[in-house]
file entry.pdb (PDB, C-alpha atoms)
ATOM      1  CA  MET A   1      93.861  63.698 101.883
ATOM      2  CA  THR A   2      91.720  64.668 104.861
ATOM      3  CA  THR A   3      90.770  68.266 105.566
ATOM      4  CA  GLU A   4      91.877  68.228 109.205
ATOM      5  CA  PRO A   5      95.488  69.411 108.579
ATOM      6  CA  PHE A   6      94.122  72.600 107.065
ATOM      7  CA  LEU A   7      92.252  73.315 110.294
ATOM      8  CA  ASN A   8      95.135  72.612 112.630
ATOM      9  CA  THR A   9      98.208  74.125 110.958
ATOM     10  CA  TYR A  10      98.224  77.840 110.344
ATOM     11  CA  HIS A  11     100.138  81.078 110.153
ATOM     12  CA  ASN A  12      98.803  83.830 112.393
ATOM     13  CA  ALA A  13      99.813  87.433 111.737
ATOM     14  CA  ARG A  14      98.764  90.995 112.531
ATOM     15  CA  THR A  15      99.803  94.507 111.621
ATOM     16  CA  ALA A  16     101.214  96.766 114.353
ATOM     17  CA  PRO A  17      99.655 100.115 115.395
ATOM     18  CA  SER A  18     101.144 102.974 113.375
ATOM     19  CA  ALA A  19     103.439 105.509 115.022
ATOM     20  CA  GLU A  20     100.757 108.208 114.735
ATOM     21  CA  VAL A  21      98.267 106.369 116.966
ATOM     22  CA  PRO A  22      97.528 108.248 120.258
ATOM     23  CA  ALA A  23      98.817 106.509 123.381
ATOM     24  CA  ASP A  24      95.423 105.561 124.834
ATOM     25  CA  LEU A  25      94.261 104.194 121.497
ATOM     26  CA  ALA A  26      97.491 102.229 121.057
ATOM     27  CA  SER A  27      97.000 100.783 124.545
ATOM     28  CA  PHE A  28      93.503  99.627 123.603
ATOM     29  CA  MET A  29      94.721  98.139 120.329
ATOM     30  CA  LEU A  30      97.484  96.151 121.992
ATOM     31  CA  ALA A  31      95.095  94.927 124.684
ATOM     32  CA  ALA A  32      92.733  93.785 121.952
ATOM     33  CA  ASP A  33      95.474  91.806 120.173
ATOM     34  CA  PRO A  34      94.907  88.430 121.869
ATOM     35  CA  VAL A  35      91.130  88.780 121.571
ATOM     36  CA  LEU A  36      91.178  89.452 117.840
ATOM     37  CA  ALA A  37      93.958  86.969 117.132
ATOM     38  CA  GLU A  38      91.930  84.194 118.770
ATOM     39  CA  ALA A  39      88.719  85.394 117.102
ATOM     40  CA  VAL A  40      90.383  85.121 113.697
ATOM     41  CA  GLU A  41      91.591  81.602 114.362
ATOM     42  CA  LEU A  42      88.174  80.573 115.671
ATOM     43  CA  ALA A  43      86.470  82.177 112.667
ATOM     44  CA  ARG A  44      88.496  79.991 110.334
ATOM     45  CA  ILE A  45      87.803  76.851 112.364
ATOM     46  CA  LEU A  46      84.070  77.531 112.824
ATOM     47  CA  ALA A  47      83.594  78.265 109.134
ATOM     48  CA  ARG A  48      85.938  75.409 108.100
ATOM     49  CA  ALA A  49      87.893  77.744 105.885
ATOM     50  CA  HIS A  50      91.456  78.177 104.660
ATOM     51  CA  GLN A  51      91.415  81.897 105.513
ATOM     52  CA  GLY A  52      90.264  83.798 108.572
ATOM     53  CA  ALA A  53      90.782  87.519 109.028
ATOM     54  CA  ALA A  54      89.672  90.551 110.994
ATOM     55  CA  THR A  55      89.934  94.275 110.517
ATOM     56  CA  GLN A  56      90.055  96.489 113.598
ATOM     57  CA  LEU A  57      88.758 100.025 113.072
ATOM     58  CA  ILE A  58      88.199 103.001 115.356
ATOM     59  CA  GLY A  59      85.370 105.269 114.246
ATOM     60  CA  ASP A  60      84.373 105.618 110.618
ATOM     61  CA  GLY A  61      87.818 106.099 109.084
ATOM     62  CA  TRP A  62      90.616 103.715 108.145
ATOM     63  CA  ALA A  63      93.523 105.845 109.392
ATOM     64  CA  HIS A  64      94.292 103.490 112.281
ATOM     65  CA  ALA A  65      93.007 100.257 110.731
ATOM     66  CA  ARG A  66      94.730  97.006 111.673
ATOM     67  CA  LYS A  67      94.448  93.554 110.143
ATOM     68  CA  TYR A  68      94.659  90.067 111.622
ATOM     69  CA  PHE A  69      95.168  86.900 109.555
ATOM     70  CA  SER A  70      94.932  83.169 110.090
ATOM     71  CA  LEU A  71      95.873  81.182 107.005
ATOM     72  CA  SER A  72      96.101  77.455 106.376
ATOM     73  CA  GLU A  73      99.143  75.852 104.794
ATOM     74  CA  LYS A  74      97.417  76.296 101.446
ATOM     75  CA  TYR A  75      98.224  80.017 101.759
ATOM     76  CA  ALA A  76     101.662  79.675 103.381
ATOM     77  CA  GLU A  77     103.307  81.877 100.749
ATOM     78  CA  TRP A  78     101.172  84.811 101.947
ATOM     79  CA  ALA A  79     102.054  84.304 105.635
ATOM     80  CA  ASP A  80     104.184  87.464 105.730
ATOM     81  CA  TYR A  81     101.646  89.746 104.049
ATOM     82  CA  ARG A  82     101.528  92.947 106.144
ATOM     83  CA  THR A  83     100.230  95.709 103.864
ATOM     84  CA  PRO A  84      98.054  98.102 105.958
ATOM     85  CA  ALA A  85      94.293  98.069 105.304
ATOM     86  CA  LYS A  86      93.145 100.954 103.110
ATOM     87  CA  GLY A  87      89.376 100.582 103.114
ATOM     88  CA  PHE A  88      89.086  99.622  99.467
ATOM     89  CA  GLY A  89      86.447  97.718  97.523
ATOM     90  CA  ILE A  90      84.503  94.902  99.138
ATOM     91  CA  HIS A  91      86.274  95.319 102.486
ATOM     92  CA  ALA A  92      85.269  98.973 102.702
ATOM     93  CA  TYR A  93      81.708  97.875 101.981
ATOM     94  CA  ALA A  94      81.820  95.395 104.890
ATOM     95  CA  HIS A  95      82.461  98.263 107.315
ATOM     96  CA  LYS A  96      79.502 100.251 106.006
ATOM     97  CA  VAL A  97      76.876  97.638 106.799
ATOM     98  CA  THR A  98      75.684  96.277 110.140
ATOM     99  CA  ARG A  99      74.642  92.850 108.927
ATOM    100  CA  PRO A 100      76.440  89.650 107.956
ATOM    101  CA  ILE A 101      77.515  89.154 104.334
ATOM    102  CA  ARG A 102      77.626  85.652 102.848
ATOM    103  CA  LEU A 103      78.599  85.334  99.196
ATOM    104  CA  THR A 104      79.480  82.444  96.945
ATOM    105  CA  ASP A 105      82.619  82.904  94.881
ATOM    106  CA  GLU A 106      80.498  83.787  91.856
ATOM    107  CA  GLU A 107      78.456  86.306  93.863
ATOM    108  CA  LEU A 108      81.619  87.844  95.326
ATOM    109  CA  ARG A 109      83.149  88.535  91.919
ATOM    110  CA  ALA A 110      79.882  89.866  90.555
ATOM    111  CA  HIS A 111      79.336  92.228  93.513
ATOM    112  CA  ASP A 112      79.245  95.957  92.727
ATOM    113  CA  GLU A 113      81.962  96.628  95.345
ATOM    114  CA  TRP A 114      84.382  93.926  94.194
ATOM    115  CA  ARG A 115      87.679  95.505  93.068
ATOM    116  CA  ASN A 116      89.949  92.430  93.118
ATOM    117  CA  PHE A 117      92.352  94.170  95.566
ATOM    118  CA  GLY A 118      93.339  96.953  93.160
ATOM    119  CA  ARG A 119      97.117  97.517  93.225
ATOM    120  CA  GLU A 120      97.489  94.686  95.733
ATOM    121  CA  ILE A 121      96.185  92.055  93.328
ATOM    122  CA  ASP A 122      99.613  90.423  92.968
ATOM    123  CA  SER A 123     100.406  90.327  96.688
ATOM    124  CA  HIS A 124      97.078  89.961  98.558
ATOM    125  CA  PRO A 125      95.948  86.404  99.373
ATOM    126  CA  PRO A 126      93.307  85.477  96.786
ATOM    127  CA  MET A 127      89.734  84.982  97.970
ATOM    128  CA  ARG A 128      87.219  82.274  97.105
ATOM    129  CA  GLY A 129      83.765  83.033  98.440
ATOM    130  CA  TRP A 130      83.285  85.268 101.465
ATOM    131  CA  LEU A 131      81.641  85.338 104.875
ATOM    132  CA  ALA A 132      81.938  88.574 106.877
ATOM    133  CA  VAL A 133      80.268  89.715 110.100
ATOM    134  CA  PRO A 134      80.580  93.204 111.640
ATOM    135  CA  LEU A 135      81.838  93.696 115.191
ATOM    136  CA  VAL A 136      79.229  96.039 116.673
ATOM    137  CA  GLY A 137      79.761  97.474 120.151
ATOM    138  CA  SER A 138      77.060  98.091 122.752
ATOM    139  CA  ASP A 139      76.980 101.749 121.681
ATOM    140  CA  GLY A 140      76.195 100.737 118.097
ATOM    141  CA  VAL A 141      79.668 101.695 116.864
ATOM    142  CA  ASN A 142      81.315  99.286 114.411
ATOM    143  CA  TYR A 143      84.718  98.041 115.646
ATOM    144  CA  GLY A 144      85.454  96.397 112.304
ATOM    145  CA  PHE A 145      84.594  92.899 111.144
ATOM    146  CA  ILE A 146      85.683  89.271 111.126
ATOM    147  CA  GLN A 147      85.649  87.216 107.971
ATOM    148  CA  ALA A 148      86.439  83.894 106.364
ATOM    149  CA  SER A 149      87.207  82.882 102.797
ATOM    150  CA  ASP A 150      87.878  79.693 100.797
ATOM    151  CA  ARG A 151      85.761  77.084 102.572
ATOM    152  CA  LEU A 152      87.374  73.654 102.653
ATOM    153  CA  GLU A 153      84.368  72.104 100.937
ATOM    154  CA  GLY A 154      81.673  73.881  98.941
ATOM    155  CA  GLU A 155      80.303  77.321  99.762
ATOM    156  CA  PHE A 156      79.655  78.907 103.163
ATOM    157  CA  THR A 157      76.386  77.780 104.726
ATOM    158  CA  GLU A 158      73.665  79.389 106.813
ATOM    159  CA  GLN A 159      75.055  77.518 109.832
ATOM    160  CA  ASP A 160      78.545  78.916 109.156
ATOM    161  CA  GLU A 161      77.009  82.395 109.191
ATOM    162  CA  ALA A 162      75.139  81.722 112.437
ATOM    163  CA  ASN A 163      78.333  80.475 114.098
ATOM    164  CA  LEU A 164      80.319  83.520 112.968
ATOM    165  CA  VAL A 165      77.560  85.880 114.162
ATOM    166  CA  ARG A 166      77.781  84.348 117.641
ATOM    167  CA  LEU A 167      81.558  84.652 117.628
ATOM    168  CA  ALA A 168      81.277  88.296 116.542
ATOM    169  CA  ALA A 169      78.886  89.063 119.403
ATOM    170  CA  LEU A 170      81.249  87.486 121.933
ATOM    171  CA  THR A 171      84.250  89.310 120.450
ATOM    172  CA  SER A 172      82.418  92.645 120.520
ATOM    173  CA  THR A 173      81.576  92.154 124.200
ATOM    174  CA  ALA A 174      85.254  91.582 124.975
ATOM    175  CA  LEU A 175      86.242  94.686 122.985
ATOM    176  CA  ASP A 176      83.642  96.724 124.894
ATOM    177  CA  ALA A 177      85.243  95.695 128.183
ATOM    178  CA  LEU A 178      88.705  96.658 126.937
ATOM    179  CA  SER A 179      87.395  99.967 125.611
ATOM    180  CA  GLN A 180      86.038 100.880 129.026
ATOM    181  CA  LEU A 181      89.485 100.289 130.516
ATOM    182  CA  HIS A 182      91.627 102.016 127.888
ATOM    183  CA  LEU A 183      89.424 104.614 126.160
ATOM    184  CA  HIS A 184      88.213 106.880 128.935
ATOM    185  CA  ASP A 185      85.667 108.905 126.963
ATOM    186  CA  TYR A 186      84.126 105.675 125.785
ATOM    187  CA  ARG A 187      84.197 104.333 129.348
ATOM    188  CA  ARG A 188      81.857 107.097 130.554
ATOM    189  CA  GLU A 189      79.321 106.429 127.813
ATOM    190  CA  VAL A 190      79.110 102.661 127.572
ATOM    191  CA  PRO A 191      77.784 101.586 131.017
ATOM    192  CA  GLU A 192      74.373 103.109 130.320
ATOM    193  CA  LEU A 193      74.249 101.642 126.827
ATOM    194  CA  SER A 194      75.317  98.165 127.867
ATOM    195  CA  SER A 195      72.609  98.035 130.530
ATOM    196  CA  GLY A 196      70.077  97.698 127.739
ATOM    197  CA  SER A 197      68.964 101.299 127.263
ATOM    198  CA  THR A 198      69.139 102.952 123.849
ATOM    199  CA  SER A 199      69.317 106.505 122.606
ATOM    200  CA  ASP A 200      65.737 106.051 121.420
ATOM    201  CA  ALA A 201      64.238 104.576 124.581
ATOM    202  CA  PRO A 202      60.759 103.015 124.546
ATOM    203  CA  LYS A 203      57.943 105.313 125.604
ATOM    204  CA  GLU A 204      56.300 104.881 128.990
ATOM    205  CA  VAL A 205      53.173 102.725 129.006
ATOM    206  CA  SER A 206      50.258 103.556 131.267
ATOM    207  CA  VAL A 207      47.692 101.024 132.467
ATOM    208  CA  GLY A 208      45.396 100.031 129.638
ATOM    209  CA  GLN A 209      47.456 101.802 126.966
ATOM    210  CA  GLU A 210      47.988 100.110 123.613
ATOM    211  CA  VAL A 211      51.529  98.817 123.094
ATOM    212  CA  THR A 212      52.941  99.156 119.581
ATOM    213  CA  TYR A 213      56.052  97.855 117.868
ATOM    214  CA  ALA A 214      57.189 101.278 116.616
ATOM    215  CA  GLN A 215      56.847 103.137 119.919
ATOM    216  CA  HIS A 216      57.579 100.466 122.521
ATOM    217  CA  ILE A 217      59.199  97.338 121.077
ATOM    218  CA  ARG A 218      61.583  98.393 118.298
ATOM    219  CA  PRO A 219      63.540 100.813 120.577
ATOM    220  CA  LEU A 220      64.367  97.879 122.873
ATOM    221  CA  PHE A 221      66.499  96.183 120.220
ATOM    222  CA  ARG A 222      70.039  97.500 119.831
ATOM    223  CA  ASP A 223      72.072  97.231 116.645
ATOM    224  CA  ARG A 224      74.069  94.466 118.303
ATOM    225  CA  ASP A 225      70.893  92.493 119.063
ATOM    226  CA  ILE A 226      69.737  92.843 115.462
ATOM    227  CA  GLN A 227      73.095  91.632 114.182
ATOM    228  CA  SER A 228      73.502  88.718 116.592
ATOM    229  CA  MET A 229      70.044  87.299 115.835
ATOM    230  CA  SER A 230      70.068  87.988 112.102
ATOM    231  CA  PHE A 231      70.639  84.297 111.354
ATOM    232  CA  ALA A 232      67.201  83.515 112.839
ATOM    233  CA  PHE A 233      65.039  86.651 112.334
ATOM    234  CA  ASP A 234      65.248  90.375 111.672
ATOM    235  CA  LEU A 235      64.539  92.277 114.903
ATOM    236  CA  SER A 236      64.370  95.560 112.968
ATOM    237  CA  SER A 237      61.423  94.270 110.925
ATOM    238  CA  TYR A 238      57.900  94.499 112.364
ATOM    239  CA  GLU A 239      56.703  91.653 110.144
ATOM    240  CA  ASP A 240      59.568  89.372 111.200
ATOM    241  CA  VAL A 241      59.231  90.139 114.910
ATOM    242  CA  ARG A 242      55.459  89.603 114.773
ATOM    243  CA  ALA A 243      55.881  86.280 112.940
ATOM    244  CA  ASN A 244      58.448  85.061 115.503
ATOM    245  CA  ALA A 245      57.045  86.807 118.574
ATOM    246  CA  GLU A 246      56.506  83.706 120.723
ATOM    247  CA  ALA A 247      59.979  82.329 119.971
ATOM    248  CA  ILE A 248      61.542  85.710 120.753
ATOM    249  CA  HIS A 249      59.597  86.019 124.007
ATOM    250  CA  GLU A 250      60.702  82.539 125.028
ATOM    251  CA  LYS A 251      64.363  83.510 124.581
ATOM    252  CA  LEU A 252      63.859  86.835 126.401
ATOM    253  CA  ALA A 253      62.081  85.203 129.329
ATOM    254  CA  ALA A 254      64.767  82.528 129.617
ATOM    255  CA  GLY A 255      67.505  85.181 129.659
ATOM    256  CA  ILE A 256      69.388  83.717 126.684
ATOM    257  CA  MET A 257      68.671  86.783 124.554
ATOM    258  CA  PRO A 258      70.323  89.274 124.327
ATOM    259  CA  CYS A 259      73.587  87.358 124.389
ATOM    260  CA  ASP A 260      75.365  89.886 126.642
ATOM    261  CA  GLY A 261      72.799  90.117 129.447
ATOM    262  CA  ARG A 262      69.101  89.541 130.037
ATOM    263  CA  TRP A 263      66.458  92.243 129.679
ATOM    264  CA  PRO A 264      64.937  93.846 132.788
ATOM    265  CA  ASP A 265      61.710  92.100 133.809
ATOM    266  CA  GLN A 266      59.618  95.127 132.841
ATOM    267  CA  HIS A 267      60.907  94.955 129.259
ATOM    268  CA  VAL A 268      60.094  91.246 129.001
ATOM    269  CA  GLU A 269      56.607  91.969 130.387
ATOM    270  CA  LEU A 270      56.190  94.801 127.878
ATOM    271  CA  PHE A 271      57.001  92.438 125.030
ATOM    272  CA  ARG A 272      54.476  89.913 126.413
ATOM    273  CA  THR A 273      51.828  92.641 126.617
ATOM    274  CA  TRP A 274      52.506  93.594 123.013
ATOM    275  CA  ILE A 275      51.890  90.001 121.945
ATOM    276  CA  ASP A 276      48.742  89.661 124.055
ATOM    277  CA  GLN A 277      47.324  92.878 122.612
ATOM    278  CA  GLY A 278      47.626  91.565 119.079
ATOM    279  CA  SER A 279      51.173  92.694 118.125
ATOM    280  CA  LYS A 280      50.234  96.106 116.792
ATOM    281  CA  PRO A 281      52.671  97.799 114.338
TER
END
call {"tool": "encode", "arguments": {"input": "entry.pdb", "output": "structure tokens"}}
result
Amino acid sequence: MTTEPFLNTYHNARTAPSAEVPADLASFMLAADPVLAEAVELARILARAHQGAATQLIGDGWAHARKYFSLSEKYAEWADYRTPAKGFGIHAYAHKVTRPIRLTDEELRAHDEWRNFGREIDSHPPMRGWLAVPLVGSDGVNYGFIQASDRLEGEFTEQDEANLVRLAALTSTALDALSQLHLHDYRREVPELSSGSTSDAPKEVSVGQEVTYAQHIRPLFRDRDIQSMSFAFDLSSYEDVRANAEAIHEKLAAGIMPCDGRWPDQHVELFRTWIDQGSKP
């Protein structure tokens, strides 16, 4: 039997917003439905997995959490699973971190946060291995995460992770745009953040001044940038940025990094100056 039928036949499902959700938030959630539904299907296809899923969260709590599923025919008997997300075990852990998680099946079951679905053990689709990537907005807030489980062949690979990270970055950009339309408080805050500025902006550099990673370079990288490039290097690490400085500068200068819009020329020049001065910490 070939694996292609498992990629092309599926059940796609989602949980509806609860009755307690405020009107503007419900409007945002419903607008996000097609984005997250497609992201879940693409996650399963990109990772070549039997299961794709996403959890949509607003803020730090799970009160308004929603789930999206894409399951192959292997999991057809779980197609109608609709139990609301509770923020339990390994899934709660996924929302606490801002980096991808890739675990073999053995590593998943040995993880400190693994709870085997608690009371839902008899009804939740079983997992085999896990790949999860957070959805981080341009303001650094975590929208939730997308995930895949039960790879068609073997365990999830580094390339699977890289593909899912790129999908997460694209999905987060779409959710940012919808947030600006439907969540008005958010709409006032995001334009400045999405332009590339951060709450901890780099310090001004005068002519002849020494440029350092801590004061001038690290503040240029947003949480989203760190997440989206985590498959290649860690932008939050001085040692990693120094070791990959030329490759990073090449991507910055070409405008292909960050993925949601190029840096201003002065920021690219600042990074070049940092390299030329010896990449000080």
call {"tool": "closest_residue", "arguments": {"input": "entry.pdb", "among": "A:Ala39, A:Ala49, A:Ile121, A:Asn116", "to": "A:Glu155", "atoms": "all atoms listed in the file"}}
result
A:Ala49
call {"tool": "resolve_selection", "arguments": {"input": "entry.pdb", "expression": "the PyMOL selection byres ((chain A and resi 145) around 8)", "output": "list in words"}}
result
Ala54, Thr55, Gln56, Ala94, His95, Ala132, Val133, Pro134, Leu135, Asn142, Tyr143, Gly144, Ile146, Gln147 and Ala168 of chain A
call {"tool": "resolve_selection", "arguments": {"input": "entry.pdb", "expression": "the PyMOL selection byres ((chain A and resi 260-269) around 10)", "output": "PyMOL selection string"}}
result
chain A and resi 138+169-170+172-173+194-197+202+216-217+220+224-225+249-259+270-275
call {"tool": "resolve_selection", "arguments": {"input": "entry.pdb", "expression": "the PyMOL selection byres ((chain A and resi 81) around 9)", "output": "list in words"}}
result
Ala13, Phe69, Glu77, Trp78, Ala79, Asp80, Arg82, Thr83, Ser123, His124 and Pro125 of chain A
call {"tool": "write_last_selection", "arguments": {"input": "entry.pdb", "atoms": "C-alpha atoms", "output": "CSV table (one decimal), in the coordinates of the input"}}
result
chain,number,residue,atom,x,y,z
A,13,ALA,CA,99.8,87.4,111.7
A,69,PHE,CA,95.2,86.9,109.6
A,77,GLU,CA,103.3,81.9,100.7
A,78,TRP,CA,101.2,84.8,101.9
A,79,ALA,CA,102.1,84.3,105.6
A,80,ASP,CA,104.2,87.5,105.7
A,82,ARG,CA,101.5,92.9,106.1
A,83,THR,CA,100.2,95.7,103.9
A,123,SER,CA,100.4,90.3,96.7
A,124,HIS,CA,97.1,90.0,98.6
A,125,PRO,CA,95.9,86.4,99.4
call {"tool": "atom_distance", "arguments": {"input": "entry.pdb", "atom1": "atom CA of A:Asp176", "atom2": "atom CA of A:Phe28"}}
result
10.4 Å
call {"tool": "decode", "arguments": {"input": "entry.pdb", "residues": "stretch 79-94 of chain A", "atoms": "N, CA and C atoms", "output": "short mmCIF file (atom, residue, chain, number, x, y, z; two decimals), in the first residue's frame"}}
result
data_model
loop_
_atom_site.label_atom_id
_atom_site.label_comp_id
_atom_site.auth_asym_id
_atom_site.auth_seq_id
_atom_site.Cartn_x
_atom_site.Cartn_y
_atom_site.Cartn_z
N ALA A 79 -12.98 11.11 14.14
CA ALA A 79 -13.32 12.28 13.32
C ALA A 79 -14.29 13.22 14.03
N ASP A 80 -15.12 12.71 14.91
CA ASP A 80 -16.12 13.55 15.59
C ASP A 80 -15.68 13.99 16.98
N TYR A 81 -14.42 13.83 17.30
CA TYR A 81 -13.93 14.24 18.62
C TYR A 81 -14.00 15.76 18.75
N ARG A 82 -14.72 16.26 19.75
CA ARG A 82 -14.93 17.71 19.89
C ARG A 82 -14.72 18.21 21.32
N THR A 83 -14.12 17.44 22.18
CA THR A 83 -13.95 17.86 23.57
C THR A 83 -13.09 19.13 23.63
N PRO A 84 -13.55 20.20 24.31
CA PRO A 84 -12.79 21.45 24.38
C PRO A 84 -11.40 21.24 24.99
N ALA A 85 -10.43 22.03 24.52
CA ALA A 85 -9.07 21.97 25.07
C ALA A 85 -9.06 22.50 26.49
N LYS A 86 -8.32 21.84 27.36
CA LYS A 86 -8.27 22.22 28.77
C LYS A 86 -6.91 22.73 29.22
N GLY A 87 -5.90 22.63 28.37
CA GLY A 87 -4.58 23.06 28.80
C GLY A 87 -3.96 22.09 29.78
N PHE A 88 -3.88 20.83 29.37
CA PHE A 88 -3.45 19.77 30.27
C PHE A 88 -2.23 19.07 29.70
N GLY A 89 -1.27 18.74 30.56
CA GLY A 89 -0.14 17.92 30.17
C GLY A 89 0.76 18.53 29.11
N ILE A 90 1.13 17.71 28.13
CA ILE A 90 2.10 18.12 27.13
C ILE A 90 1.60 19.28 26.27
N HIS A 91 0.28 19.36 26.07
CA HIS A 91 -0.27 20.46 25.28
C HIS A 91 -0.19 21.79 26.04
N ALA A 92 -0.38 21.76 27.33
CA ALA A 92 -0.20 22.98 28.12
C ALA A 92 1.25 23.43 28.06
N TYR A 93 2.16 22.48 28.08
CA TYR A 93 3.59 22.79 27.99
C TYR A 93 3.91 23.47 26.66
N ALA A 94 3.29 23.04 25.58
CA ALA A 94 3.56 23.61 24.26
C ALA A 94 3.23 25.10 24.21
#
